[in-house]
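S.K.: I'm passing along protein_13.tsv; it holds TSV, C-alpha atoms and all ligand atoms.
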```tsv
chain	number	residue	atom	x	y	z
A	61	MET	CA	-6.16	14.87	57.72
A	62	ILE	CA	-2.46	14.41	57.08
A	63	LEU	CA	-1.18	13.27	53.66
A	64	VAL	CA	1.87	11.01	53.95
A	65	VAL	CA	3.54	10.61	50.57
A	66	GLY	CA	5.70	7.48	50.56
A	67	GLY	CA	3.92	6.11	53.61
A	68	ALA	CA	4.46	2.50	52.50
A	69	GLY	CA	8.24	2.84	52.62
A	70	TYR	CA	10.57	2.00	55.47
A	71	ILE	CA	10.58	5.30	57.36
A	72	GLY	CA	7.16	6.47	56.14
A	73	SER	CA	5.39	3.34	57.37
A	74	HIS	CA	6.91	3.75	60.85
A	75	LEU	CA	5.73	7.36	60.93
A	76	VAL	CA	2.21	6.34	59.85
A	77	LYS	CA	2.01	3.79	62.66
A	78	GLU	CA	2.64	6.54	65.23
A	79	LEU	CA	0.59	9.23	63.49
A	80	VAL	CA	-2.65	7.23	63.23
A	81	GLU	CA	-2.85	7.34	67.04
A	82	THR	CA	-3.67	11.07	66.94
A	83	GLU	CA	-4.52	12.07	63.37
A	84	GLU	CA	-6.48	10.89	60.36
A	85	VAL	CA	-3.95	9.79	57.77
A	86	ILE	CA	-4.00	9.25	54.02
A	87	VAL	CA	-1.04	7.54	52.36
A	88	LEU	CA	-0.05	8.06	48.73
A	89	ASP	CA	2.55	5.57	47.49
A	90	ASN	CA	3.30	4.04	44.08
A	91	LEU	CA	4.69	0.89	45.75
A	92	SER	CA	7.82	1.05	43.61
A	93	THR	CA	9.89	0.32	46.71
A	94	GLY	CA	7.27	0.39	49.47
A	95	HIS	CA	5.04	-2.43	50.72
A	96	ARG	CA	1.24	-2.27	50.92
A	97	GLU	CA	1.36	-4.55	54.01
A	98	ALA	CA	3.52	-1.99	55.81
A	99	VAL	CA	0.73	0.61	55.87
A	100	ASP	CA	-1.26	0.66	59.08
A	101	GLN	CA	-4.85	-0.37	58.39
A	102	ARG	CA	-6.23	2.73	60.08
A	103	ALA	CA	-4.80	4.89	57.26
A	104	VAL	CA	-6.54	5.48	53.92
A	105	PHE	CA	-4.33	4.11	51.16
A	106	VAL	CA	-4.09	5.45	47.60
A	107	LYS	CA	-1.80	3.76	45.09
A	108	GLY	CA	-0.52	6.54	42.91
A	109	ASP	CA	2.37	8.78	42.04
A	110	LEU	CA	3.40	12.05	43.59
A	111	GLY	CA	4.27	13.40	40.14
A	112	ASP	CA	0.83	12.57	38.74
A	113	LYS	CA	-1.38	15.65	38.78
A	114	GLU	CA	-4.59	13.58	38.49
A	115	ASP	CA	-3.73	11.48	41.53
A	116	LEU	CA	-2.89	14.61	43.48
A	117	ASP	CA	-6.00	16.52	42.36
A	118	MET	CA	-8.16	13.58	43.41
A	119	ILE	CA	-6.64	13.54	46.89
A	120	PHE	CA	-6.56	17.29	47.54
A	121	SER	CA	-10.10	17.81	46.23
A	122	SER	CA	-11.55	14.83	48.15
A	123	TYR	CA	-9.89	15.11	51.57
A	124	PRO	CA	-9.36	18.04	53.96
A	125	ILE	CA	-5.55	17.90	53.99
A	126	LYS	CA	-3.93	20.17	56.57
A	127	ALA	CA	-0.32	19.07	56.13
A	128	VAL	CA	1.84	16.93	53.85
A	129	MET	CA	4.75	14.75	54.95
A	130	HIS	CA	6.98	13.66	52.09
A	131	PHE	CA	9.01	10.44	52.30
A	132	ALA	CA	8.79	9.29	48.69
A	133	ALA	CA	12.29	9.45	47.28
A	134	TYR	CA	14.96	7.29	45.78
A	135	SER	CA	17.77	7.22	48.31
A	136	LEU	CA	20.74	5.16	47.14
A	137	VAL	CA	23.87	7.22	46.73
A	138	GLY	CA	25.61	4.83	44.31
A	139	GLU	CA	22.55	4.44	42.10
A	140	SER	CA	22.14	8.22	41.95
A	141	VAL	CA	25.59	8.56	40.41
A	142	VAL	CA	24.77	6.05	37.66
A	143	GLU	CA	21.15	7.16	37.09
A	144	PRO	CA	20.95	10.86	37.99
A	145	ALA	CA	17.91	11.41	35.73
A	146	LYS	CA	15.87	9.01	37.85
A	147	TYR	CA	16.80	10.97	40.98
A	148	TYR	CA	16.16	14.43	39.57
A	149	GLN	CA	12.88	13.28	37.98
A	150	ASN	CA	11.42	11.77	41.14
A	151	ASN	CA	13.15	13.58	43.97
A	152	VAL	CA	13.03	17.04	42.37
A	153	ALA	CA	10.56	17.27	39.45
A	154	ALA	CA	7.81	15.12	40.98
A	155	THR	CA	8.26	16.82	44.35
A	156	LEU	CA	7.82	20.18	42.63
A	157	THR	CA	4.52	18.96	41.19
A	158	LEU	CA	3.44	17.98	44.70
A	159	LEU	CA	4.41	21.40	46.08
A	160	GLN	CA	2.62	23.22	43.26
A	161	THR	CA	-0.51	21.18	43.88
A	162	MET	CA	-0.32	22.01	47.58
A	163	MET	CA	-0.20	25.71	46.71
A	164	LYS	CA	-3.17	25.29	44.31
A	165	TYR	CA	-5.26	23.83	47.15
A	166	LYS	CA	-3.84	26.25	49.73
A	167	VAL	CA	-2.27	23.53	51.86
A	168	LYS	CA	0.63	25.34	53.48
A	169	ASN	CA	2.30	22.88	55.89
A	170	PHE	CA	5.05	20.56	54.66
A	171	ILE	CA	7.52	18.21	56.31
A	172	PHE	CA	10.40	17.10	54.13
A	173	SER	CA	12.68	14.08	54.53
A	174	SER	CA	16.18	15.29	53.81
A	175	THR	CA	19.53	13.69	54.48
A	176	ALA	CA	23.03	13.90	55.91
A	177	ALA	CA	24.11	13.48	52.29
A	178	THR	CA	23.42	17.23	51.83
A	179	TYR	CA	26.62	17.91	53.81
A	180	GLY	CA	28.96	16.03	51.47
A	181	ILE	CA	32.33	15.53	53.18
A	182	PRO	CA	32.10	17.85	56.18
A	183	ASP	CA	35.27	19.27	57.73
A	184	VAL	CA	33.90	19.08	61.27
A	185	GLU	CA	33.64	16.14	63.70
A	186	ILE	CA	30.06	16.88	64.69
A	187	ILE	CA	27.72	18.24	62.05
A	188	ASP	CA	25.20	20.87	63.04
A	189	GLU	CA	22.75	22.76	60.85
A	190	THR	CA	25.22	25.61	60.28
A	191	THR	CA	27.72	23.21	58.70
A	192	VAL	CA	28.15	24.06	55.01
A	193	THR	CA	26.04	21.94	52.66
A	194	SER	CA	28.08	20.69	49.74
A	195	PRO	CA	26.69	17.37	48.50
A	196	ILE	CA	28.99	15.10	46.52
A	197	ASN	CA	26.40	13.01	44.65
A	198	PRO	CA	23.10	13.51	42.75
A	199	TYR	CA	21.09	12.05	45.64
A	200	GLY	CA	22.37	14.66	48.10
A	201	ARG	CA	21.99	17.40	45.50
A	202	SER	CA	18.40	16.38	44.71
A	203	LYS	CA	17.50	16.77	48.40
A	204	LEU	CA	19.32	20.08	48.76
A	205	MET	CA	17.56	21.43	45.66
A	206	ILE	CA	14.20	20.81	47.28
A	207	GLU	CA	15.40	22.48	50.49
A	208	GLN	CA	16.22	25.55	48.38
A	209	ILE	CA	12.88	25.40	46.57
A	210	LEU	CA	11.12	25.27	49.94
A	211	ALA	CA	12.82	28.48	51.06
A	212	ASP	CA	11.70	30.19	47.84
A	213	PHE	CA	8.13	28.89	48.24
A	214	ARG	CA	8.14	30.25	51.78
A	215	ASN	CA	9.11	33.71	50.55
A	216	ALA	CA	6.77	33.77	47.57
A	217	TYR	CA	3.74	31.74	48.68
A	218	GLY	CA	3.89	31.55	52.47
A	219	LEU	CA	4.64	27.81	52.63
A	220	ASN	CA	5.45	26.62	56.17
A	221	TYR	CA	7.94	23.79	56.34
A	222	VAL	CA	10.27	21.72	58.45
A	223	VAL	CA	13.21	19.94	56.82
A	224	LEU	CA	14.53	16.89	58.68
A	225	ARG	CA	18.02	15.73	57.73
A	226	TYR	CA	18.26	12.08	58.70
A	227	PHE	CA	21.52	10.41	59.51
A	228	ASN	CA	21.52	6.55	59.34
A	229	ALA	CA	18.00	5.24	59.91
A	230	ALA	CA	17.91	1.69	61.25
A	231	GLY	CA	15.93	-0.65	63.50
A	232	ALA	CA	12.33	-1.86	63.35
A	233	HIS	CA	8.98	-1.21	65.02
A	234	GLY	CA	8.65	-2.62	68.56
A	235	SER	CA	5.52	-4.55	67.53
A	236	GLY	CA	7.52	-6.70	65.11
A	237	GLU	CA	4.90	-5.93	62.43
A	238	ILE	CA	7.02	-3.67	60.24
A	239	GLY	CA	10.71	-3.14	59.60
A	240	GLU	CA	13.32	-2.58	56.93
A	241	SER	CA	12.83	-4.47	53.66
A	242	HIS	CA	14.72	-3.25	50.63
A	243	ASN	CA	15.36	-5.23	47.48
A	244	PRO	CA	18.25	-5.28	46.90
A	245	GLU	CA	19.39	-4.50	50.44
A	246	THR	CA	22.43	-2.21	50.63
A	247	HIS	CA	22.37	-0.96	54.23
A	248	LEU	CA	24.85	-2.19	56.78
A	249	ILE	CA	22.72	-3.40	59.70
A	250	PRO	CA	20.23	-5.50	57.67
A	251	ILE	CA	23.12	-6.96	55.68
A	252	VAL	CA	24.95	-8.02	58.84
A	253	LEU	CA	21.79	-9.52	60.33
A	254	GLN	CA	20.97	-11.37	57.11
A	255	GLN	CA	24.45	-12.87	57.18
A	256	LEU	CA	23.96	-13.94	60.78
A	257	LEU	CA	20.66	-15.54	59.78
A	258	GLY	CA	22.45	-17.45	57.05
A	259	THR	CA	20.72	-15.85	54.05
A	260	ARG	CA	23.98	-14.20	52.96
A	261	GLU	CA	27.36	-15.82	52.78
A	262	LYS	CA	29.54	-12.96	54.01
A	263	ILE	CA	29.71	-9.28	54.88
A	264	ALA	CA	32.06	-7.06	52.89
A	265	VAL	CA	33.46	-4.14	54.88
A	266	PHE	CA	33.83	-1.32	52.37
A	267	GLY	CA	37.20	0.18	53.23
A	268	SER	CA	39.50	-0.36	56.21
A	269	ASP	CA	41.99	2.43	55.48
A	270	TYR	CA	39.87	5.46	56.39
A	271	ASP	CA	41.23	8.07	58.75
A	272	THR	CA	39.19	6.78	61.71
A	273	HIS	CA	40.21	4.93	64.91
A	274	ASP	CA	39.84	1.47	63.33
A	275	GLY	CA	40.03	2.41	59.64
A	276	THR	CA	36.32	1.82	58.87
A	277	CYS	CA	33.62	4.44	58.24
A	278	ILE	CA	31.80	6.04	61.14
A	279	ARG	CA	28.07	6.74	61.04
A	280	ASP	CA	25.39	7.99	63.40
A	281	TYR	CA	22.65	5.33	63.59
A	282	ILE	CA	19.19	6.43	64.64
A	283	HIS	CA	16.18	4.25	65.43
A	284	VAL	CA	13.36	4.59	62.91
A	285	THR	CA	10.81	5.07	65.72
A	286	ASP	CA	12.87	7.96	67.09
A	287	LEU	CA	12.80	9.41	63.58
A	288	ALA	CA	9.04	8.95	63.43
A	289	ASN	CA	8.63	10.75	66.75
A	290	ALA	CA	10.68	13.69	65.51
A	291	HIS	CA	8.20	14.05	62.63
A	292	ILE	CA	5.31	14.14	65.08
A	293	ARG	CA	7.03	16.96	67.03
A	294	ALA	CA	7.71	18.83	63.81
A	295	LEU	CA	4.09	18.46	62.71
A	296	GLU	CA	2.82	19.80	66.04
A	297	ALA	CA	5.16	22.77	65.73
A	298	LEU	CA	3.87	23.55	62.24
A	299	LEU	CA	0.19	23.09	63.05
A	300	THR	CA	0.39	25.29	66.15
A	301	GLY	CA	2.30	27.98	64.27
A	302	LYS	CA	5.35	27.58	66.50
A	303	LYS	CA	7.61	26.97	63.52
A	304	SER	CA	7.37	28.04	59.89
A	305	ALA	CA	10.74	27.40	58.22
A	306	GLU	CA	13.30	25.23	59.97
A	307	VAL	CA	15.98	22.66	59.23
A	308	TYR	CA	16.91	20.03	61.83
A	309	ASN	CA	19.43	17.21	61.97
A	310	LEU	CA	18.18	13.89	63.31
A	311	GLY	CA	20.83	11.64	64.81
A	312	ASN	CA	22.01	10.17	68.08
A	313	GLY	CA	25.14	12.31	68.24
A	314	LEU	CA	27.25	9.16	68.59
A	315	GLY	CA	29.42	7.66	65.89
A	316	TYR	CA	30.00	3.94	65.42
A	317	SER	CA	32.43	2.40	62.97
A	318	VAL	CA	31.44	-0.40	60.59
A	319	LYS	CA	33.50	-2.80	62.71
A	320	GLU	CA	31.77	-1.65	65.90
A	321	VAL	CA	28.35	-2.14	64.31
A	322	ILE	CA	29.27	-5.70	63.32
A	323	GLU	CA	30.59	-6.40	66.84
A	324	THR	CA	27.38	-5.04	68.38
A	325	CYS	CA	25.31	-7.26	66.06
A	326	GLU	CA	27.35	-10.24	67.24
A	327	LYS	CA	26.80	-9.26	70.86
A	328	VAL	CA	23.05	-8.77	70.48
A	329	THR	CA	22.51	-12.02	68.57
A	330	GLY	CA	25.17	-14.18	70.22
A	331	LEU	CA	26.32	-15.25	66.73
A	332	LYS	CA	29.63	-14.87	64.90
A	333	ALA	CA	29.71	-12.92	61.63
A	334	ASN	CA	31.60	-13.95	58.51
A	335	VAL	CA	33.41	-10.74	57.55
A	336	GLU	CA	35.84	-9.84	54.78
A	337	MET	CA	37.65	-6.59	54.14
A	338	ALA	CA	36.86	-5.06	50.74
A	339	ASP	CA	37.60	-1.94	48.71
A	340	ARG	CA	36.08	1.40	49.56
A	341	ARG	CA	32.60	2.08	48.16
A	342	ALA	CA	32.50	5.19	45.95
A	343	GLY	CA	31.00	8.26	47.58
A	344	ASP	CA	31.32	7.20	51.24
A	345	PRO	CA	32.49	9.99	53.57
A	346	ALA	CA	34.73	8.69	56.41
A	347	ARG	CA	32.60	10.11	59.19
A	348	LEU	CA	29.05	11.48	59.50
A	349	VAL	CA	27.89	12.27	63.02
A	350	ALA	CA	25.08	14.70	63.85
A	351	SER	CA	24.50	17.26	66.48
A	352	SER	CA	20.76	17.18	67.18
A	353	GLU	CA	20.98	19.90	69.83
A	354	LYS	CA	18.91	22.30	67.76
A	355	ILE	CA	15.76	20.17	67.64
A	356	PHE	CA	16.21	19.24	71.30
A	357	GLY	CA	16.43	22.92	72.27
A	358	GLU	CA	13.51	24.03	70.09
A	359	LEU	CA	11.11	21.06	70.02
A	360	GLY	CA	12.33	18.95	72.95
A	361	TRP	CA	13.11	15.91	70.77
A	362	LYS	CA	16.05	13.62	71.25
A	363	ALA	CA	16.85	10.08	70.19
A	364	GLU	CA	15.93	7.60	72.92
A	365	ARG	CA	17.15	4.28	71.53
A	366	ASN	CA	20.82	3.30	71.43
A	367	LEU	CA	22.67	1.09	68.95
A	368	GLU	CA	21.94	-2.12	70.87
A	369	GLN	CA	18.22	-1.34	70.91
A	370	ILE	CA	18.33	-0.49	67.21
A	371	ILE	CA	19.96	-3.82	66.42
A	372	ALA	CA	17.74	-5.80	68.82
A	373	THR	CA	14.53	-4.54	67.16
A	374	ALA	CA	16.00	-5.12	63.69
A	375	TRP	CA	16.96	-8.66	64.76
A	376	GLU	CA	13.39	-9.36	65.94
A	377	TRP	CA	12.12	-8.21	62.57
A	378	HIS	CA	14.59	-10.08	60.37
A	379	GLN	CA	14.01	-13.36	62.20
A	380	ASN	CA	10.32	-13.15	61.40
A	381	GLN	CA	10.18	-10.84	58.42
A	382	LYS	CA	6.62	-10.36	57.16
A	383	PHE	CA	7.35	-8.74	53.78
B	401	LIG	N1	28.88	-0.79	54.55
B	401	LIG	C1	29.77	-1.85	54.46
B	401	LIG	N2	29.31	-3.02	53.90
B	401	LIG	C2	28.03	-3.17	53.44
B	401	LIG	C3	27.14	-2.08	53.54
B	401	LIG	C4	27.60	-0.89	54.09
B	401	LIG	O1	30.93	-1.76	54.86
B	401	LIG	O2	27.71	-4.25	52.93
B	401	LIG	C5	29.36	0.46	55.15
B	401	LIG	C6	29.27	1.64	54.19
B	401	LIG	O3	30.41	1.70	53.39
B	401	LIG	C7	29.14	2.80	55.18
B	401	LIG	C8	28.36	2.19	56.36
B	401	LIG	O4	28.52	0.77	56.23
B	401	LIG	O5	30.39	3.18	55.62
B	401	LIG	C9	26.91	2.52	56.33
B	401	LIG	O6	26.39	2.22	55.03
B	401	LIG	P1	24.83	2.22	54.68
B	401	LIG	O7	24.73	1.82	53.25
B	401	LIG	O8	24.10	1.44	55.69
B	401	LIG	O9	24.42	3.73	54.88
B	401	LIG	P2	25.03	5.06	54.21
B	401	LIG	O10	25.76	5.77	55.30
B	401	LIG	O11	25.77	4.80	52.98
B	401	LIG	O12	23.71	5.77	53.72
B	401	LIG	C10	22.81	6.44	54.55
B	401	LIG	C11	21.45	6.51	53.89
B	401	LIG	C12	21.52	7.35	52.64
B	401	LIG	C13	22.13	8.68	52.96
B	401	LIG	C14	23.45	8.50	53.62
B	401	LIG	C15	24.04	9.81	54.02
B	401	LIG	O13	21.00	5.21	53.58
B	401	LIG	O14	20.23	7.53	52.13
B	401	LIG	O15	23.31	7.72	54.80
B	401	LIG	O16	25.42	9.72	53.79
B	401	LIG	F1	22.33	9.38	51.84
```
What would the structure in this file look like if it were written as structure tokens?
Ligand code: UFG
M.R.:
Amino acid sequence: MILVVGGAGYIGSHLVKELVETEEVIVLDNLSTGHREAVDQRAVFVKGDLGDKEDLDMIFSSYPIKAVMHFAAYSLVGESVVEPAKYYQNNVAATLTLLQTMMKYKVKNFIFSSTAATYGIPDVEIIDETTVTSPINPYGRSKLMIEQILADFRNAYGLNYVVLRYFNAAGAHGSGEIGESHNPETHLIPIVLQQLLGTREKIAVFGSDYDTHDGTCIRDYIHVTDLANAHIRALEALLTGKKSAEVYNLGNGLGYSVKEVIETCEKVTGLKANVEMADRRAGDPARLVASSEKIFGELGWKAERNLEQIIATAWEWHQNQKF
């Protein structure tokens, strides 16, 4: 059985939907940002907290867990600057409790959701896993701290792990049953689509004077189902002993500016967006684009869905949003 912590969240719920096809799955989620309806009915669901030793003891003593996948984190850069304690408490301290409990029950396989935010403001066009990590906000630091803890747990306790550094997750499940639903929403693609649906008056473009071809920030958008599939590959590699301590970037390898994303949303929907230029948002690097060559070379994974497909699935979801 696989324990998916944070399996009711946006990315976790998409992973669970793929994983239940081949594995027995138990989800632990406190529903602070996740949605109970997002969890596939084939998975066992436990409402509880990853920092709560009693919840964890109950799960590890009741179910034969062979690996843990950990998606349960706060992930808003701006919020992390204002409320660092919240980020270090949940993303670091509670995760450490989870890891210690895994060691207590001799569960040695772990997949960790990390982030492009660990790189800070990189001085290269395309970021690979050898690019220096130098996060510029508490969110990025909280993720990098766990990456460092994992390496120490490997050396001391024989923990096997794969770290996956996501770039910009977007899109929705092809079934239309689950998709992105944050409250408040801060991410670009859902905000643009909500404006096109008329539930938002306008879209503010945060900064048009960046050193990029059109002055707006460039990001590498990756479909959430592609992300989910990368986790399945990583899990197979851990369970077959092929990998024991690796870090992989997950992106498309293509950068799109904020303006290009808005234009693609207009193209996919056939609607015209109401856009205004605004000030830069604190903590936004100008450009974050991944090389995912390493995971392609080692595990055969690559992103299969392009920006139009990402937006088309998100559009399906937002038009008929279930939660
Ligand atoms: N943007 C706007 N207007 C909006 C919302 C976003 O112009 O209303 C811009 C942002 O400034 C940024 C781009 O659109 O340039 C993408 O912003 P998102 O908020 O969608 O995504 P981020 O790149 O800020 O954040 C994502 C993840 C984080 C992760 C980060 C790594 O959501 O968890 O990538 O840098 F930390």
S.K.: In terms of the shortest atom-to-atom distance over only C-alpha atoms, which of A:Asn151, A:Thr285, A:Asn169, A:Thr157 is closest to Lys303 (chain A)?
M.R.: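 Checking each of A:Asn151, A:Thr285, A:Asn169, A:Thr157 against Lys303 (chain A), counting only C-alpha atoms, the winner is A:Asn169.
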S.K.: Enumerate residues in contact with ligand LIG 401 (chain B): an atom-to-atom distance of at most 9 Å, counting only C-alpha atoms and all ligand atoms. Format the result as an MDAnalysis selection string.
M.R.: chainID A and resid 134:138 174:180 199:200 226:230 245:252 262:268 276:281 317:319 321 337:338 340:348
S.K.: Wanna dump the region 239-316 of chain A-region 73-87 of chain A contacts at 9 Å for me, each residue with its shortest atom pair and the distance in Å to one decimal, counting all atoms listed in the file, ordered by chain and number, as a Markdown table?
M.R.:
```
| residue | atom | partner | partner_atom | distance |
| --- | --- | --- | --- | --- |
| A:Gly239 | CA | A:His74 | CA | 8.0 |
| A:Val284 | CA | A:His74 | CA | 6.8 |
| A:Thr285 | CA | A:His74 | CA | 6.4 |
| A:Leu287 | CA | A:Leu75 | CA | 7.8 |
| A:Ala288 | CA | A:Leu75 | CA | 4.4 |
| A:Asn289 | CA | A:Leu75 | CA | 7.3 |
| A:His291 | CA | A:Leu75 | CA | 7.3 |
| A:Ile292 | CA | A:Leu79 | CA | 7.0 |
```
S.K.: Point out the residue among A:Leu299, A:Leu310, A:Val335, A:Ile282 with the least atom-to-atom distance to Leu367 (chain A), counting only C-alpha atoms.
M.R.: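 Among the listed residues, A:Ile282 lies closest to Leu367 (chain A).
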S.K.: Can you tell me, as a PyMOL selection string, what residues are no more than 10 Å from Gly69 (chain A) when counting all atoms listed in the file, ignoring any on the same chain fewer than 5 positions away?
M.R.: chain A and resi 74-75+89-96+98-99+131-133+239-242
S.K.: What does the structure give for the distance between CA of Leu224 (chain A) and CA of Tyr308 (chain A), in Å to one decimal?
M.R.: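 Taking CA of Leu224 (chain A) and CA of Tyr308 (chain A), their separation equals 5.0 Å.
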S.K.: Closest to Glu207 (chain A) among A:Ala305, A:Tyr70, A:Gln254, A:Ile62, using only C-alpha atoms?
M.R.: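 Selected residue with least distance to Glu207 (chain A): A:Ala305.
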S.K.: To one decimal place, how far is CA of Val65 (chain A) from CA of Lys168 (chain A) in Å?
M.R.: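 For CA of Val65 (chain A) relative to CA of Lys168 (chain A), the distance reads 15.3 Å.
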S.K.: So how far away is CA of Arg260 (chain A) from CA of Asn380 (chain A), in Å?
M.R.: 16.1 Å
S.K.: As a PDB file with C-alpha atoms, in the coordinates of the input, please: the residues near Glu376 (chain A) (cut-off 9 Å, only C-alpha atoms, same-chain neighbours under 6 positions excluded).
M.R.:
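Dumped everything to out20.pdb:
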```
ATOM      1  CA  ALA A 232      12.330  -1.860  63.350  1.00  0.00           C
ATOM      2  CA  GLY A 234       8.650  -2.620  68.560  1.00  0.00           C
ATOM      3  CA  GLY A 236       7.520  -6.700  65.110  1.00  0.00           C
TER       4      GLY A 236
END
```
S.K.: Counting all atoms listed in the file, which of A:Trp375, A:Tyr147, A:Tyr316, A:Tyr217 gets nearest to Asn197 (chain A)?
M.R.: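 Among the listed residues, the smallest separation from Asn197 (chain A) belongs to A:Tyr147.
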S.K.: Which is closest to Leu359 (chain A) among A:Glu326, A:Glu296, A:Glu143, A:Asp188, if we use all atoms listed in the file?
M.R.: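 Between A:Glu326, A:Glu296, A:Glu143, A:Asp188, the residue approaching Leu359 (chain A) most closely is A:Glu296.
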S.K.: Rank nothing, just name the residue among A:Val349, A:Leu257, A:Ile206, A:Ile125 nearest to Asp183 (chain A), using all atoms listed in the file.
M.R.: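 Closest to Asp183 (chain A) of all the choices is A:Val349.
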S.K.: When you get a chance, write out N, CA, C and O atoms for region 316-330 of chain A, as a short mmCIF file (atom, residue, chain, number, x, y, z; two decimals), in the frame of the given file.
M.R.:
```
data_model
loop_
_atom_site.label_atom_id
_atom_site.label_comp_id
_atom_site.auth_asym_id
_atom_site.auth_seq_id
_atom_site.Cartn_x
_atom_site.Cartn_y
_atom_site.Cartn_z
N TYR A 316 29.51 5.32 65.31
CA TYR A 316 30.00 3.94 65.42
C TYR A 316 30.63 3.54 64.09
O TYR A 316 30.06 3.82 63.03
N SER A 317 31.77 2.86 64.18
CA SER A 317 32.43 2.40 62.97
C SER A 317 31.73 1.15 62.44
O SER A 317 30.97 0.49 63.17
N VAL A 318 32.02 0.81 61.18
CA VAL A 318 31.44 -0.40 60.59
C VAL A 318 31.82 -1.61 61.45
O VAL A 318 30.98 -2.46 61.76
N LYS A 319 33.08 -1.66 61.87
CA LYS A 319 33.50 -2.80 62.71
C LYS A 319 32.72 -2.84 64.03
O LYS A 319 32.32 -3.91 64.49
N GLU A 320 32.52 -1.69 64.63
CA GLU A 320 31.77 -1.65 65.90
C GLU A 320 30.31 -2.08 65.71
O GLU A 320 29.73 -2.73 66.58
N VAL A 321 29.73 -1.71 64.58
CA VAL A 321 28.35 -2.14 64.31
C VAL A 321 28.30 -3.66 64.19
O VAL A 321 27.42 -4.32 64.77
N ILE A 322 29.26 -4.24 63.48
CA ILE A 322 29.27 -5.70 63.32
C ILE A 322 29.45 -6.37 64.68
O ILE A 322 28.75 -7.33 65.02
N GLU A 323 30.36 -5.83 65.50
CA GLU A 323 30.59 -6.40 66.84
C GLU A 323 29.32 -6.31 67.70
O GLU A 323 28.97 -7.25 68.43
N THR A 324 28.62 -5.19 67.59
CA THR A 324 27.38 -5.04 68.38
C THR A 324 26.32 -6.02 67.89
O THR A 324 25.56 -6.58 68.69
N CYS A 325 26.26 -6.25 66.59
CA CYS A 325 25.31 -7.26 66.06
C CYS A 325 25.66 -8.64 66.61
O CYS A 325 24.76 -9.42 66.97
N GLU A 326 26.94 -8.94 66.69
CA GLU A 326 27.35 -10.24 67.24
C GLU A 326 26.95 -10.35 68.71
O GLU A 326 26.47 -11.39 69.17
N LYS A 327 27.13 -9.25 69.43
CA LYS A 327 26.80 -9.26 70.86
C LYS A 327 25.29 -9.44 71.07
O LYS A 327 24.85 -10.26 71.89
N VAL A 328 24.51 -8.70 70.30
CA VAL A 328 23.05 -8.77 70.48
C VAL A 328 22.50 -10.15 70.11
O VAL A 328 21.60 -10.67 70.76
N THR A 329 23.07 -10.74 69.06
CA THR A 329 22.51 -12.02 68.57
C THR A 329 23.21 -13.24 69.17
O THR A 329 22.67 -14.36 69.08
N GLY A 330 24.41 -13.04 69.71
CA GLY A 330 25.17 -14.18 70.22
C GLY A 330 25.76 -15.03 69.10
O GLY A 330 26.18 -16.17 69.35
#
```
